Number of protein chains: 2
Amino acid sequence: MANPTAAMLVIGDEILSGRTRDANMHFLAQELTKVGIDLREVRVVSDDRDAIVAALNALRATYDTVITSGGIGPTHDDITADCVAAAFGVKIDIRDDARDLLQAYYESTGKEFNDARKRMARIPDGATLIENPVSIAPGFTIGNVHVMAGVPSVFQAMVASVIPTLTGGAPMLSQTLRIDRGEGDIAGVLGEIANAFPDLSIGSYPFQQNGAYGSNVVVRGTDGAQIDEVMKRLSDTMLTLPDPE
Amino acid sequence: MANPTAAMLVIGDEILSGRTRDANMHFLAQELTKVGIDLREVRVVSDDRDAIVAALNALRATYDTVITSGGIGPTHDDITADCVAAAFGVKIDIRDDARDLLQAYYESTGKEFNDARKRMARIPDGATLIENPVSIAPGFTIGNVHVMAGVPSVFQAMVASVIPTLTGGAPMLSQTLRIDRGEGDIAGVLGEIANAFPDLSIGSYPFQQNGAYGSNVVVRGTDGAQIDEVMKRLSDTMLTLPDPE
């Protein structure tokens with residue numbers, strides 16, 4: 001049976017302008033892989049209402065789960081929650097439970113719970129809150145969409161609390177063989193092996209080190225015995241190649 | 001006049017599985033920003049023919065320029081060139097000029113110019129080659145799509161040769177003000193300023209450092225005098241805020 005699928009929607013001008021290097025995609029990819037959920041697509045869009053709504057609707061219709069990052073803070077450019085409500089066609093307003101969480105937090109820190117901070121209690125109708133142990137302002141889940149903050153420490157905490165609620169698949173196993181030959185030397189045999197083992201994903205990731213070419217061959221799948229067999233076949237084949245000149 | 005727009009399509013299972021952290025998106029975002037081209041969207045898809053063709057057709061219809069990375073090597077999982085040909089509805093085959101480049105290179109290195117390596121000379125009909133000074137195997141341009149390698153050193157060299165051929169816009173200027181206050185303290189004034197200066201993009205990027213909250217406020221636009229004015233207004237406003245408790 002195929003594993004459940006997921007997509008990620010990264011919202012933020014700062015990634016697209018090159019000001020910030022996204023850190024959340026890589027983290028999420030690793031966490032989903034651990035529990036057997038296939039991250040199939042990532043989209044990065046700017047802080048633009050039409051772009052966010054269109055991307056969200058496309059992704060939630062295509063994949064089992066969608067996780068968004070970014071745009072749920074108190075400032076004018078934080079429009080994600082409103083866009084999610086628009087995408088689902090539901091109302092959005094300040095919700096009591098979210099407001100109470102925030103109010104208690106700001107009272108405890110002596111900061112003013114002003115209108116801007118109250119915006120972070122705006123939750124689309126029908127959503128459930130995602131806990132934020134770092135800075136309290138919650139994320140939320142609506143349908144198959146999980147809306148999270150973009151600040152990496154908060155994003156990671158929210159992912160940690162949502163992942164156990166998702167239906168995982170067979171954990172993806174992988175083994176890597178480093179081959180100090182150009183990809184062109186091993187492409188033939190890799191293609192043959194890929195054909196012979198259609199249930200495995202066999203990837204070749206080339207690199208250049210000290211002027212010489214090599215490749216990391218990564219064999220992924222859910223059947224450990226098949227992966228072992230491919231790794232042995234690969235190792236045996238490497239012994240038969242002529243030495244690099 | 002609005003700046004030209006661009007999108008990026010990253011092709012590769014290794015990014016989505018979390019095995020590799022993408023480095024090309026951040027590089028491209030910075031390079032495009034320098035020449036006044038707005039990177040509006042990035043999509044990351046797996047090594048899947050239908051996914052690549054669909055994403056490519058959506059992006060090339062929407063944005064002025066599309067840049068792809070990944071999937072143009074010699075191995076079985078390198079299917080980008082064939083997918084681009086399919087998206088454009090053109091034929092693809094080994095092309096003499098690309099083959100000659102590769103043949104001369106492999107002869108000079110004493111490596112066999114085998115069938116796998118010849119695959120890297122497969123170029124869709126009507127494309128022009130993008131030079132690859134690092135490892136010779138060329139990228140190509142067809143229509144508004146520029147197809148580049150995923151290995152960062154090669155991707156960067158290809159971007160450097162393609163950028164001068166693109167029509168740039170007004171260079172985007174930016175200034176950043178670090179504010180050692182929670183975003184909620186400054187959100188009100190930021191929203192007012194954003195309303196007053198619709199031609200500027202005013203972003204707030206929160207951080208947490210040594211347990212205290214702060215934000216980098218980034219003001220971007222093409223009009224340096226307007227940016228100066230906003231920065232002054234921001235600085236003046238910060239002086240009027242009560243001290244953090």
# chains A, B, ... in the order shown; residues from 1 in each chain; ligands from 1

call {"tool": "residues_around", "arguments": {"residues": "Gln103 (chain A)", "least_positions_apart": "4", "cutoff": "7 Å", "atoms": "only C-alpha atoms", "output": "ChimeraX atom specification"}}
result
/A:99,107,113

call {"tool": "interface_residues", "arguments": {"of": "chain B", "to": "chain A", "cutoff": "6 Å", "atoms": "only C-alpha atoms", "output": "PDB file with C-alpha atoms, in the first residue's frame"}}
result
ATOM      1  CA  LEU B  16      11.758  16.022  -0.389  1.00  0.00           C
ATOM      2  CA  SER B  17      13.090  13.038   1.549  1.00  0.00           C
ATOM      3  CA  GLY B  18      15.215  15.335   3.696  1.00  0.00           C
ATOM      4  CA  ARG B  21      19.142  20.442   2.028  1.00  0.00           C
ATOM      5  CA  HIS B  26      18.509  30.781  -1.659  1.00  0.00           C
ATOM      6  CA  ALA B  29      16.641  34.323  -4.872  1.00  0.00           C
ATOM      7  CA  GLN B  30      19.576  36.581  -4.061  1.00  0.00           C
ATOM      8  CA  LEU B  39      11.062  35.597  -7.625  1.00  0.00           C
ATOM      9  CA  GLU B  41       7.132  31.234  -6.445  1.00  0.00           C
ATOM     10  CA  VAL B  42       9.227  28.131  -5.913  1.00  0.00           C
ATOM     11  CA  ARG B  43       7.988  24.589  -6.310  1.00  0.00           C
ATOM     12  CA  VAL B  44       9.841  21.466  -5.300  1.00  0.00           C
ATOM     13  CA  VAL B  45       8.623  18.259  -6.947  1.00  0.00           C
ATOM     14  CA  PRO B  74      23.360  10.607 -16.791  1.00  0.00           C
ATOM     15  CA  THR B  75      21.400   8.318 -14.464  1.00  0.00           C
ATOM     16  CA  HIS B  76      17.951   6.750 -14.805  1.00  0.00           C
ATOM     17  CA  ALA B 116      24.716   6.988 -20.042  1.00  0.00           C
ATOM     18  CA  ARG B 117      26.918  10.016 -20.662  1.00  0.00           C
ATOM     19  CA  GLY B 184       3.230  42.931  18.974  1.00  0.00           C
ATOM     20  CA  ALA B 187       2.703  45.901  14.684  1.00  0.00           C
ATOM     21  CA  GLY B 191       0.630  48.580   9.624  1.00  0.00           C
TER      22      GLY B 191
END

call {"tool": "residues_around", "arguments": {"residues": "Asp82 (chain B)", "least_positions_apart": "4", "cutoff": "9 Å", "atoms": "only C-alpha atoms", "output": "ChimeraX atom specification"}}
result
/B:49,78,86-87,91-92,122-124

call {"tool": "atom_distance", "arguments": {"atom1": "CA of Leu241 (chain A)", "atom2": "CA of Arg178 (chain A)"}}
result
14.7 Å

call {"tool": "select_by_dssp", "arguments": {"residues": "chain B", "states": "strand (DSSP E or B)", "output": "PyMOL selection string"}}
result
chain B and resi 5-11+38-45+65-69+92-94+122-124+128-130+139-142+145-148+173-179+201-209+212-221
